[in-house]
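A.B. asks: My file is protein.pdb. It has PDB, C-alpha atoms:
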ATOM      1  CA  MET M   1     214.074 126.520 154.082  1.00  0.00           C
ATOM      2  CA  ASN M   2     211.671 127.679 151.374  1.00  0.00           C
ATOM      3  CA  SER M   3     211.289 131.312 150.395  1.00  0.00           C
ATOM      4  CA  PHE M   4     207.951 133.115 150.667  1.00  0.00           C
ATOM      5  CA  THR M   5     207.723 133.038 146.869  1.00  0.00           C
ATOM      6  CA  GLU M   6     208.274 129.281 146.746  1.00  0.00           C
ATOM      7  CA  GLU M   7     205.641 128.748 149.431  1.00  0.00           C
ATOM      8  CA  ASN M   8     203.175 130.925 147.508  1.00  0.00           C
ATOM      9  CA  TYR M   9     203.754 128.836 144.374  1.00  0.00           C
ATOM     10  CA  LEU M  10     203.197 125.583 146.245  1.00  0.00           C
ATOM     11  CA  LYS M  11     199.998 126.960 147.769  1.00  0.00           C
ATOM     12  CA  SER M  12     198.768 128.179 144.367  1.00  0.00           C
ATOM     13  CA  ILE M  13     199.496 124.802 142.746  1.00  0.00           C
ATOM     14  CA  TYR M  14     197.633 123.074 145.579  1.00  0.00           C
ATOM     15  CA  HIS M  15     194.559 125.321 145.243  1.00  0.00           C
ATOM     16  CA  LEU M  16     194.536 124.878 141.458  1.00  0.00           C
ATOM     17  CA  SER M  17     194.878 121.090 141.791  1.00  0.00           C
ATOM     18  CA  VAL M  18     191.766 121.039 143.982  1.00  0.00           C
ATOM     19  CA  ILE M  19     189.838 122.884 141.251  1.00  0.00           C
ATOM     20  CA  ASP M  20     191.393 121.511 138.048  1.00  0.00           C
ATOM     21  CA  GLY M  21     192.548 118.054 139.086  1.00  0.00           C
ATOM     22  CA  GLU M  22     195.927 116.621 140.027  1.00  0.00           C
ATOM     23  CA  THR M  23     197.867 118.196 137.122  1.00  0.00           C
ATOM     24  CA  VAL M  24     197.975 121.983 136.750  1.00  0.00           C
ATOM     25  CA  SER M  25     198.979 123.948 133.659  1.00  0.00           C
ATOM     26  CA  THR M  26     201.757 126.546 133.635  1.00  0.00           C
ATOM     27  CA  ASN M  27     199.311 129.129 132.279  1.00  0.00           C
ATOM     28  CA  SER M  28     196.956 128.552 135.228  1.00  0.00           C
ATOM     29  CA  ILE M  29     199.828 129.070 137.655  1.00  0.00           C
ATOM     30  CA  ALA M  30     200.905 132.245 135.845  1.00  0.00           C
ATOM     31  CA  ALA M  31     197.353 133.624 136.070  1.00  0.00           C
ATOM     32  CA  ALA M  32     196.997 132.684 139.744  1.00  0.00           C
ATOM     33  CA  THR M  33     200.325 134.229 140.747  1.00  0.00           C
ATOM     34  CA  HIS M  34     200.054 137.233 138.376  1.00  0.00           C
ATOM     35  CA  THR M  35     203.454 136.303 136.971  1.00  0.00           C
ATOM     36  CA  LYS M  36     204.843 136.064 133.432  1.00  0.00           C
ATOM     37  CA  ALA M  37     205.058 132.545 132.015  1.00  0.00           C
ATOM     38  CA  ALA M  38     208.872 132.693 131.709  1.00  0.00           C
ATOM     39  CA  SER M  39     209.254 133.538 135.399  1.00  0.00           C
ATOM     40  CA  VAL M  40     206.836 130.753 136.308  1.00  0.00           C
ATOM     41  CA  THR M  41     208.910 128.255 134.329  1.00  0.00           C
ATOM     42  CA  ASP M  42     212.089 129.309 136.169  1.00  0.00           C
ATOM     43  CA  MET M  43     210.395 128.828 139.550  1.00  0.00           C
ATOM     44  CA  LEU M  44     208.945 125.461 138.540  1.00  0.00           C
ATOM     45  CA  LYS M  45     212.404 124.227 137.613  1.00  0.00           C
ATOM     46  CA  LYS M  46     213.687 125.327 141.033  1.00  0.00           C
ATOM     47  CA  LEU M  47     210.816 123.565 142.832  1.00  0.00           C
ATOM     48  CA  ALA M  48     211.374 120.428 140.744  1.00  0.00           C
ATOM     49  CA  ASP M  49     215.077 120.449 141.668  1.00  0.00           C
ATOM     50  CA  LYS M  50     214.019 120.516 145.332  1.00  0.00           C
ATOM     51  CA  LYS M  51     211.702 117.526 144.709  1.00  0.00           C
ATOM     52  CA  LEU M  52     208.644 119.576 145.677  1.00  0.00           C
ATOM     53  CA  ILE M  53     206.832 119.184 142.343  1.00  0.00           C
ATOM     54  CA  HIS M  54     206.706 116.865 139.362  1.00  0.00           C
ATOM     55  CA  TYR M  55     207.334 119.015 136.291  1.00  0.00           C
ATOM     56  CA  ALA M  56     207.841 118.224 132.627  1.00  0.00           C
ATOM     57  CA  LYS M  57     207.580 120.911 129.948  1.00  0.00           C
ATOM     58  CA  TYR M  58     204.166 120.987 128.232  1.00  0.00           C
ATOM     59  CA  GLN M  59     202.855 118.233 130.537  1.00  0.00           C
ATOM     60  CA  GLY M  60     201.745 120.285 133.517  1.00  0.00           C
ATOM     61  CA  VAL M  61     202.698 120.305 137.169  1.00  0.00           C
ATOM     62  CA  SER M  62     201.754 118.227 140.206  1.00  0.00           C
ATOM     63  CA  LEU M  63     202.930 118.325 143.811  1.00  0.00           C
ATOM     64  CA  THR M  64     205.155 115.630 145.257  1.00  0.00           C
ATOM     65  CA  ASP M  65     204.136 114.227 148.647  1.00  0.00           C
ATOM     66  CA  THR M  66     206.606 116.613 150.316  1.00  0.00           C
ATOM     67  CA  GLY M  67     205.366 119.573 148.289  1.00  0.00           C
ATOM     68  CA  LYS M  68     201.762 118.774 149.154  1.00  0.00           C
ATOM     69  CA  GLN M  69     202.583 118.531 152.878  1.00  0.00           C
ATOM     70  CA  ILE M  70     204.207 121.968 152.778  1.00  0.00           C
ATOM     71  CA  ALA M  71     201.292 123.453 150.814  1.00  0.00           C
ATOM     72  CA  ILE M  72     198.663 122.066 153.201  1.00  0.00           C
ATOM     73  CA  ALA M  73     200.652 123.352 156.201  1.00  0.00           C
ATOM     74  CA  ILE M  74     200.616 126.856 154.666  1.00  0.00           C
ATOM     75  CA  VAL M  75     196.894 126.588 153.981  1.00  0.00           C
ATOM     76  CA  ARG M  76     196.336 125.502 157.590  1.00  0.00           C
ATOM     77  CA  LYS M  77     198.231 128.516 158.931  1.00  0.00           C
ATOM     78  CA  HIS M  78     196.405 130.907 156.602  1.00  0.00           C
ATOM     79  CA  ARG M  79     192.953 129.678 157.577  1.00  0.00           C
ATOM     80  CA  LEU M  80     193.721 129.539 161.312  1.00  0.00           C
ATOM     81  CA  TRP M  81     194.961 133.128 161.227  1.00  0.00           C
ATOM     82  CA  GLU M  82     191.831 134.209 159.342  1.00  0.00           C
ATOM     83  CA  PHE M  83     189.682 132.536 161.993  1.00  0.00           C
ATOM     84  CA  PHE M  84     191.688 134.191 164.781  1.00  0.00           C
ATOM     85  CA  LEU M  85     191.468 137.652 163.188  1.00  0.00           C
ATOM     86  CA  VAL M  86     187.687 137.426 162.761  1.00  0.00           C
ATOM     87  CA  GLU M  87     186.739 135.635 165.985  1.00  0.00           C
ATOM     88  CA  LYS M  88     189.229 137.173 168.433  1.00  0.00           C
ATOM     89  CA  LEU M  89     190.211 140.542 166.948  1.00  0.00           C
ATOM     90  CA  ASN M  90     186.839 141.404 165.376  1.00  0.00           C
ATOM     91  CA  PHE M  91     188.048 141.911 161.825  1.00  0.00           C
ATOM     92  CA  LYS M  92     185.400 141.486 159.126  1.00  0.00           C
ATOM     93  CA  TRP M  93     185.622 138.517 156.742  1.00  0.00           C
ATOM     94  CA  ASP M  94     186.566 140.824 153.853  1.00  0.00           C
ATOM     95  CA  GLU M  95     189.543 142.289 155.784  1.00  0.00           C
ATOM     96  CA  VAL M  96     191.568 139.226 156.749  1.00  0.00           C
ATOM     97  CA  HIS M  97     192.910 137.620 153.569  1.00  0.00           C
ATOM     98  CA  GLU M  98     195.844 139.977 153.016  1.00  0.00           C
ATOM     99  CA  LEU M  99     196.830 139.863 156.701  1.00  0.00           C
ATOM    100  CA  ALA M 100     196.716 136.067 156.694  1.00  0.00           C
ATOM    101  CA  GLU M 101     198.873 136.058 153.545  1.00  0.00           C
ATOM    102  CA  GLU M 102     201.640 137.605 155.651  1.00  0.00           C
ATOM    103  CA  LEU M 103     201.058 135.544 158.804  1.00  0.00           C
ATOM    104  CA  GLU M 104     200.985 132.201 156.942  1.00  0.00           C
ATOM    105  CA  HIS M 105     204.763 132.336 156.454  1.00  0.00           C
ATOM    106  CA  ILE M 106     205.532 132.138 160.188  1.00  0.00           C
ATOM    107  CA  THR M 107     207.603 128.969 160.531  1.00  0.00           C
ATOM    108  CA  SER M 108     207.009 127.974 164.169  1.00  0.00           C
ATOM    109  CA  ALA M 109     204.952 124.771 164.222  1.00  0.00           C
ATOM    110  CA  GLU M 110     204.620 125.143 168.014  1.00  0.00           C
ATOM    111  CA  LEU M 111     202.979 128.561 167.615  1.00  0.00           C
ATOM    112  CA  VAL M 112     200.511 127.248 165.041  1.00  0.00           C
ATOM    113  CA  ASP M 113     199.606 124.220 167.176  1.00  0.00           C
ATOM    114  CA  ARG M 114     199.034 126.479 170.202  1.00  0.00           C
ATOM    115  CA  LEU M 115     196.933 128.829 168.073  1.00  0.00           C
ATOM    116  CA  ASP M 116     194.825 125.866 166.923  1.00  0.00           C
ATOM    117  CA  LYS M 117     194.329 124.756 170.556  1.00  0.00           C
ATOM    118  CA  PHE M 118     193.562 128.323 171.712  1.00  0.00           C
ATOM    119  CA  LEU M 119     190.848 128.555 169.056  1.00  0.00           C
ATOM    120  CA  ASP M 120     189.442 125.130 170.130  1.00  0.00           C
ATOM    121  CA  TYR M 121     190.399 123.402 166.881  1.00  0.00           C
ATOM    122  CA  PRO M 122     188.076 125.134 164.388  1.00  0.00           C
ATOM    123  CA  LYS M 123     187.061 123.069 161.351  1.00  0.00           C
ATOM    124  CA  TYR M 124     186.295 125.941 158.929  1.00  0.00           C
ATOM    125  CA  ASP M 125     187.644 129.447 158.361  1.00  0.00           C
ATOM    126  CA  PRO M 126     185.393 132.556 158.094  1.00  0.00           C
ATOM    127  CA  HIS M 127     184.861 131.907 154.363  1.00  0.00           C
ATOM    128  CA  GLY M 128     183.761 128.312 154.874  1.00  0.00           C
ATOM    129  CA  ASP M 129     187.026 126.685 153.770  1.00  0.00           C
ATOM    130  CA  PRO M 130     188.113 123.592 155.757  1.00  0.00           C
ATOM    131  CA  ILE M 131     191.068 123.978 158.136  1.00  0.00           C
ATOM    132  CA  PRO M 132     193.508 121.037 158.079  1.00  0.00           C
ATOM    133  CA  ASP M 133     194.574 119.536 161.426  1.00  0.00           C
ATOM    134  CA  ASN M 134     198.246 119.222 162.405  1.00  0.00           C
ATOM    135  CA  ASN M 135     198.485 116.009 160.378  1.00  0.00           C
ATOM    136  CA  GLY M 136     197.174 117.714 157.260  1.00  0.00           C
ATOM    137  CA  ARG M 137     193.793 115.987 157.427  1.00  0.00           C
ATOM    138  CA  PHE M 138     190.539 117.803 156.864  1.00  0.00           C
ATOM    139  CA  LYS M 139     187.001 117.019 155.858  1.00  0.00           C
ATOM    140  CA  GLN M 140     185.841 118.638 152.627  1.00  0.00           C
ATOM    141  CA  ALA M 141     182.149 119.397 152.938  1.00  0.00           C
ATOM    142  CA  GLU M 142     179.841 118.396 150.100  1.00  0.00           C
ATOM    143  CA  LEU M 143     178.890 121.844 148.838  1.00  0.00           C
ATOM    144  CA  LYS M 144     177.240 123.091 145.656  1.00  0.00           C
ATOM    145  CA  PRO M 145     177.277 126.556 144.099  1.00  0.00           C
ATOM    146  CA  ILE M 146     173.881 128.250 144.057  1.00  0.00           C
ATOM    147  CA  SER M 147     174.126 128.313 140.245  1.00  0.00           C
ATOM    148  CA  ALA M 148     173.948 124.479 140.221  1.00  0.00           C
ATOM    149  CA  LEU M 149     170.741 124.262 142.258  1.00  0.00           C
ATOM    150  CA  GLU M 150     167.257 123.560 140.918  1.00  0.00           C
ATOM    151  CA  VAL M 151     164.246 125.751 141.596  1.00  0.00           C
ATOM    152  CA  ASN M 152     162.746 125.298 145.100  1.00  0.00           C
ATOM    153  CA  THR M 153     165.986 123.853 146.515  1.00  0.00           C
ATOM    154  CA  VAL M 154     166.708 124.961 150.096  1.00  0.00           C
ATOM    155  CA  GLY M 155     170.255 125.230 151.397  1.00  0.00           C
ATOM    156  CA  ILE M 156     172.495 126.809 154.026  1.00  0.00           C
ATOM    157  CA  ILE M 157     175.315 129.115 152.903  1.00  0.00           C
ATOM    158  CA  MET M 158     178.551 127.385 153.965  1.00  0.00           C
ATOM    159  CA  GLY M 159     181.321 129.015 151.925  1.00  0.00           C
ATOM    160  CA  VAL M 160     182.468 131.173 149.042  1.00  0.00           C
ATOM    161  CA  ARG M 161     184.748 130.574 146.088  1.00  0.00           C
ATOM    162  CA  GLU M 162     185.722 134.228 145.676  1.00  0.00           C
ATOM    163  CA  HIS M 163     187.595 135.975 148.506  1.00  0.00           C
ATOM    164  CA  ALA M 164     187.995 139.439 146.958  1.00  0.00           C
ATOM    165  CA  PRO M 165     187.037 142.132 149.506  1.00  0.00           C
ATOM    166  CA  ALA M 166     184.590 143.805 147.091  1.00  0.00           C
ATOM    167  CA  PHE M 167     182.722 140.523 146.597  1.00  0.00           C
ATOM    168  CA  LEU M 168     182.565 139.758 150.324  1.00  0.00           C
ATOM    169  CA  GLN M 169     181.409 143.314 151.068  1.00  0.00           C
ATOM    170  CA  HIS M 170     178.654 142.880 148.470  1.00  0.00           C
ATOM    171  CA  LEU M 171     177.461 139.652 150.110  1.00  0.00           C
ATOM    172  CA  GLU M 172     177.539 141.315 153.529  1.00  0.00           C
ATOM    173  CA  LYS M 173     175.458 144.201 152.219  1.00  0.00           C
ATOM    174  CA  ILE M 174     172.707 141.991 150.794  1.00  0.00           C
ATOM    175  CA  GLY M 175     172.771 139.481 153.660  1.00  0.00           C
ATOM    176  CA  LEU M 176     174.168 136.415 151.886  1.00  0.00           C
ATOM    177  CA  THR M 177     176.610 135.425 154.619  1.00  0.00           C
ATOM    178  CA  ILE M 178     177.611 132.064 156.076  1.00  0.00           C
ATOM    179  CA  GLY M 179     174.941 130.305 158.114  1.00  0.00           C
ATOM    180  CA  ASN M 180     171.956 131.930 156.414  1.00  0.00           C
ATOM    181  CA  GLN M 181     169.270 129.829 154.705  1.00  0.00           C
ATOM    182  CA  ILE M 182     168.322 130.392 151.081  1.00  0.00           C
ATOM    183  CA  GLN M 183     165.645 128.938 148.826  1.00  0.00           C
ATOM    184  CA  LEU M 184     166.113 129.264 145.092  1.00  0.00           C
ATOM    185  CA  THR M 185     162.728 130.413 143.778  1.00  0.00           C
ATOM    186  CA  GLU M 186     163.458 131.377 140.166  1.00  0.00           C
ATOM    187  CA  ILE M 187     166.134 131.161 137.447  1.00  0.00           C
ATOM    188  CA  ALA M 188     165.768 133.732 134.663  1.00  0.00           C
ATOM    189  CA  ASP M 189     165.773 132.262 131.143  1.00  0.00           C
ATOM    190  CA  TYR M 190     167.465 135.331 129.686  1.00  0.00           C
ATOM    191  CA  ASP M 191     170.660 135.637 131.739  1.00  0.00           C
ATOM    192  CA  HIS M 192     170.363 132.809 134.311  1.00  0.00           C
ATOM    193  CA  SER M 193     170.229 135.312 137.148  1.00  0.00           C
ATOM    194  CA  VAL M 194     168.731 133.862 140.300  1.00  0.00           C
ATOM    195  CA  THR M 195     165.979 134.880 142.708  1.00  0.00           C
ATOM    196  CA  LEU M 196     166.406 133.746 146.298  1.00  0.00           C
ATOM    197  CA  ASN M 197     164.277 133.754 149.416  1.00  0.00           C
ATOM    198  CA  LEU M 198     166.590 134.583 152.328  1.00  0.00           C
ATOM    199  CA  ASN M 199     165.682 133.164 155.752  1.00  0.00           C
ATOM    200  CA  ASN M 200     162.015 132.960 154.689  1.00  0.00           C
ATOM    201  CA  ASN M 201     161.574 136.725 154.926  1.00  0.00           C
ATOM    202  CA  LYS M 202     163.455 138.517 152.152  1.00  0.00           C
ATOM    203  CA  THR M 203     163.679 138.228 148.353  1.00  0.00           C
ATOM    204  CA  ILE M 204     167.065 138.807 146.706  1.00  0.00           C
ATOM    205  CA  ASN M 205     168.092 138.782 143.049  1.00  0.00           C
ATOM    206  CA  ILE M 206     171.699 137.910 142.178  1.00  0.00           C
ATOM    207  CA  SER M 207     173.622 137.462 138.933  1.00  0.00           C
ATOM    208  CA  ARG M 208     174.827 134.086 137.687  1.00  0.00           C
ATOM    209  CA  ASP M 209     178.420 135.131 138.464  1.00  0.00           C
ATOM    210  CA  VAL M 210     177.537 135.796 142.086  1.00  0.00           C
ATOM    211  CA  ALA M 211     175.538 132.543 142.264  1.00  0.00           C
ATOM    212  CA  LYS M 212     178.547 130.576 140.978  1.00  0.00           C
ATOM    213  CA  ASN M 213     180.688 131.833 143.847  1.00  0.00           C
ATOM    214  CA  ILE M 214     178.392 131.083 146.817  1.00  0.00           C
ATOM    215  CA  LEU M 215     178.526 127.516 148.144  1.00  0.00           C
ATOM    216  CA  VAL M 216     175.647 125.895 150.012  1.00  0.00           C
ATOM    217  CA  SER M 217     174.913 122.675 151.868  1.00  0.00           C
ATOM    218  CA  ILE M 218     171.574 121.124 150.906  1.00  0.00           C
TER     219      ILE M 218
END
Can you give me the file's structure in the form of structure tokens?

C.D. replies:
Amino acid sequence: MNSFTEENYLKSIYHLSVIDGETVSTNSIAAATHTKAASVTDMLKKLADKKLIHYAKYQGVSLTDTGKQIAIAIVRKHRLWEFFLVEKLNFKWDEVHELAEELEHITSAELVDRLDKFLDYPKYDPHGDPIPDNNGRFKQAELKPISALEVNTVGIIMGVREHAPAFLQHLEKIGLTIGNQIQLTEIADYDHSVTLNLNNNKTINISRDVAKNILVSI
């Protein structure tokens, strides 16, 4: 049995490995978990003793096959609960992350499988992140951040990199939500802010930071 804290570390290492590559630095884990480096090192030693990670001082961290299976199972639960909260209980997409953080630690595999079936096996959560199936398989969509697009590119908003409620509320307010079409019409030379045409009927200006955190399919 793994503690909630251990599960949160495995999930954080998994998310960081997707972004940074197979090996993750201790400093990255400390930043992601908002924990002091010394405490992170103690936890990494514990996870290594349980054969859930490969860890050598100053050489970074990677998940073992068992550790990765556990991490993906937690991710699956988190994203299924987010989908359930939005689609069945009418929560907004900026309200569900913290609730799903609590629900993801439920251990019953039978409950999670029934939830998946009840929801008709959704492939993506409300933020556009892929939901693994009960074998841990999922299809990662080929998405690009708006900041990487060229002028006149048209795309459909499919996901976000940032899940902070304030960011999601901002996107909701200006209409940049999943499923909407955008066309990048201008990139400012000065600050690389971006001008978008939304659904062929509205012009929106966003900063480069916002553009980096919205993912589109083109």

A.B. asks: For this structure, which residues satisfy the selection - the PyMOL selection byres ((chain M and resi 133) around 12) - when it is evaluated on the file as given? I want them as a PyMOL selection string.

C.D. replies: chain M and resi 69+72-77+79-80+109+112-113+115-117+120-124+130-132+134-139

A.B. asks: Give me the residues within 9 Å of Ser12 in chain M as a ChimeraX atom specification, counting all atoms listed in the file and dropping any in the same chain fewer than 6 places off.

C.D. replies: /M:29,32-33,71

A.B. asks: Emit the selected residues as an mmCIF file, in the coordinates of the input, including C-alpha atoms.

C.D. replies:
data_model
loop_
_atom_site.group_PDB
_atom_site.id
_atom_site.type_symbol
_atom_site.label_atom_id
_atom_site.label_comp_id
_atom_site.auth_asym_id
_atom_site.auth_seq_id
_atom_site.Cartn_x
_atom_site.Cartn_y
_atom_site.Cartn_z
ATOM 1 C CA ILE M 29 199.828 129.070 137.655
ATOM 2 C CA ALA M 32 196.997 132.684 139.744
ATOM 3 C CA THR M 33 200.325 134.229 140.747
ATOM 4 C CA ALA M 71 201.292 123.453 150.814
#

A.B. asks: Can you work out which one of M:Val216, M:Val194, M:Gln169, M:Asp65 has the shortest atom-to-atom distance to Gln181 in chain M, counting only C-alpha atoms?

C.D. replies: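 Checking each of M:Val216, M:Val194, M:Gln169, M:Asp65 against Gln181 in chain M, counting only C-alpha atoms, the winner is M:Val216.
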
A.B. asks: Taking all atoms listed in the file into account, which of M:Thr35, M:Thr5, M:Ser147, M:Thr23 comes nearest Thr64 in chain M?

C.D. replies: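 Checking each candidate against Thr64 in chain M, we get M:Thr23 as the closest.
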
A.B. asks: Taking the file as I've supplied it (selection: the PyMOL selection byres ((chain M and resi 86) around 12)), which residues are included? Please answer as a list of chain:residue names.

C.D. replies: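 Residues picked by the PyMOL selection byres ((chain M and resi 86) around 12): M:Arg79, M:Leu80, M:Trp81, M:Glu82, M:Phe83, M:Phe84, M:Leu85, M:Glu87, M:Lys88, M:Leu89, M:Asn90, M:Phe91, M:Lys92, M:Trp93, M:Asp94, M:Glu95, M:Val96, M:His97, M:Leu99, M:Ala100, M:Leu119, M:Asp125, M:Pro126, M:His127.
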
A.B. asks: Box along x, y and z, 8 Å on every side, all listed atoms of range 208-218 of chain M inside: centre and edge lengths in Å to one decimal, as lines of an AutoDock Vina configuration file.

C.D. replies:
center_x = 176.1
center_y = 128.5
center_z = 144.8
size_x = 25.1
size_y = 30.7
size_z = 30.2

A.B. asks: Given the file shown, enumerate the residues that the PyMOL selection byres ((chain M and resi 185-190) around 12) captures and present them as a ChimeraX atom specification.

C.D. replies: /M:146-155,182-184,191-198,200,202-208,211

A.B. asks: Could you state the separation of CA of Ile13 in chain M and CA of Ala37 in chain M in Å, given to one decimal place?

C.D. replies: 14.4 Å

A.B. asks: Could you tell me how far CA of Leu52 in chain M lies from CA of Ile19 in chain M, in Å and to one decimal?

C.D. replies: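 Pair CA of Leu52 in chain M / CA of Ile19 in chain M returns 19.6 Å.
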
A.B. asks: Taking into account only C-alpha atoms, which residue in the set M:Ala30, M:Leu176, M:Ala38, M:Ala164 is nearest to Leu16 in chain M?

C.D. replies: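 Distance minimum relative to Leu16 in chain M lands on M:Ala30.
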
A.B. asks: Counting only C-alpha atoms, which of M:Ile70, M:Ile106, M:Ala141, M:Ile214 gets nearest to Lys11 in chain M?

C.D. replies: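 So, comparing all the options, the nearest one is M:Ile70.
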
A.B. asks: Between CA of Glu98 in chain M and CA of Gly179 in chain M, what is the spacing in Å?

C.D. replies: 23.6 Å

A.B. asks: So, with all atoms listed in the file as the atoms that count, which of M:Glu22, M:Asp42, M:Asp129, M:Asp49 lies closest to Leu63 in chain M?

C.D. replies: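 For Leu63 in chain M, the nearest of the candidates is M:Glu22.
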
A.B. asks: Closest to Gly21 in chain M among M:Asn180, M:Asn201, M:Ser62, M:Ser108, using all atoms listed in the file?

C.D. replies: M:Ser62

A.B. asks: Write out as a list in words which residues come within 9 Å of Thr177 in chain M when counting only C-alpha atoms, dropping same-chain ones fewer than 6 positions away.

C.D. replies: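 Once the adjacent positions are removed, what remains is His127, Ile157, Met158, Gly159, Leu168 and Leu171 of chain M.
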
A.B. asks: Would you mind putting N, CA and C atoms back on range 116-130 of chain M and writing the result as a short mmCIF file (atom, residue, chain, number, x, y, z; two decimals), in the coordinates of the input?

C.D. replies:
data_model
loop_
_atom_site.label_atom_id
_atom_site.label_comp_id
_atom_site.auth_asym_id
_atom_site.auth_seq_id
_atom_site.Cartn_x
_atom_site.Cartn_y
_atom_site.Cartn_z
N ASP M 116 195.91 126.80 167.21
CA ASP M 116 194.82 125.87 166.92
C ASP M 116 194.11 125.47 168.22
N LYS M 117 194.90 125.14 169.26
CA LYS M 117 194.33 124.76 170.56
C LYS M 117 193.58 125.93 171.20
N PHE M 118 194.18 127.12 171.15
CA PHE M 118 193.56 128.32 171.71
C PHE M 118 192.21 128.60 171.08
N LEU M 119 192.09 128.31 169.79
CA LEU M 119 190.85 128.56 169.06
C LEU M 119 189.88 127.38 169.16
N ASP M 120 190.26 126.33 169.93
CA ASP M 120 189.44 125.13 170.13
C ASP M 120 189.26 124.34 168.84
N TYR M 121 190.33 124.26 168.06
CA TYR M 121 190.40 123.40 166.88
C TYR M 121 189.25 123.65 165.89
N PRO M 122 189.16 124.84 165.35
CA PRO M 122 188.08 125.13 164.39
C PRO M 122 188.20 124.28 163.13
N LYS M 123 187.07 123.92 162.55
CA LYS M 123 187.06 123.07 161.35
C LYS M 123 186.98 123.88 160.05
N TYR M 124 186.46 125.12 160.13
CA TYR M 124 186.30 125.94 158.93
C TYR M 124 186.71 127.38 159.22
N ASP M 125 187.27 128.04 158.21
CA ASP M 125 187.64 129.45 158.36
C ASP M 125 186.43 130.35 158.11
N PRO M 126 186.56 131.67 158.22
CA PRO M 126 185.39 132.56 158.09
C PRO M 126 184.73 132.55 156.71
N HIS M 127 185.43 131.98 155.71
CA HIS M 127 184.86 131.91 154.36
C HIS M 127 184.31 130.52 154.05
N GLY M 128 184.32 129.64 155.06
CA GLY M 128 183.76 128.31 154.87
C GLY M 128 184.74 127.27 154.36
N ASP M 129 186.03 127.64 154.25
CA ASP M 129 187.03 126.68 153.77
C ASP M 129 187.50 125.80 154.92
N PRO M 130 187.70 124.50 154.68
CA PRO M 130 188.11 123.59 155.76
C PRO M 130 189.53 123.88 156.24
#
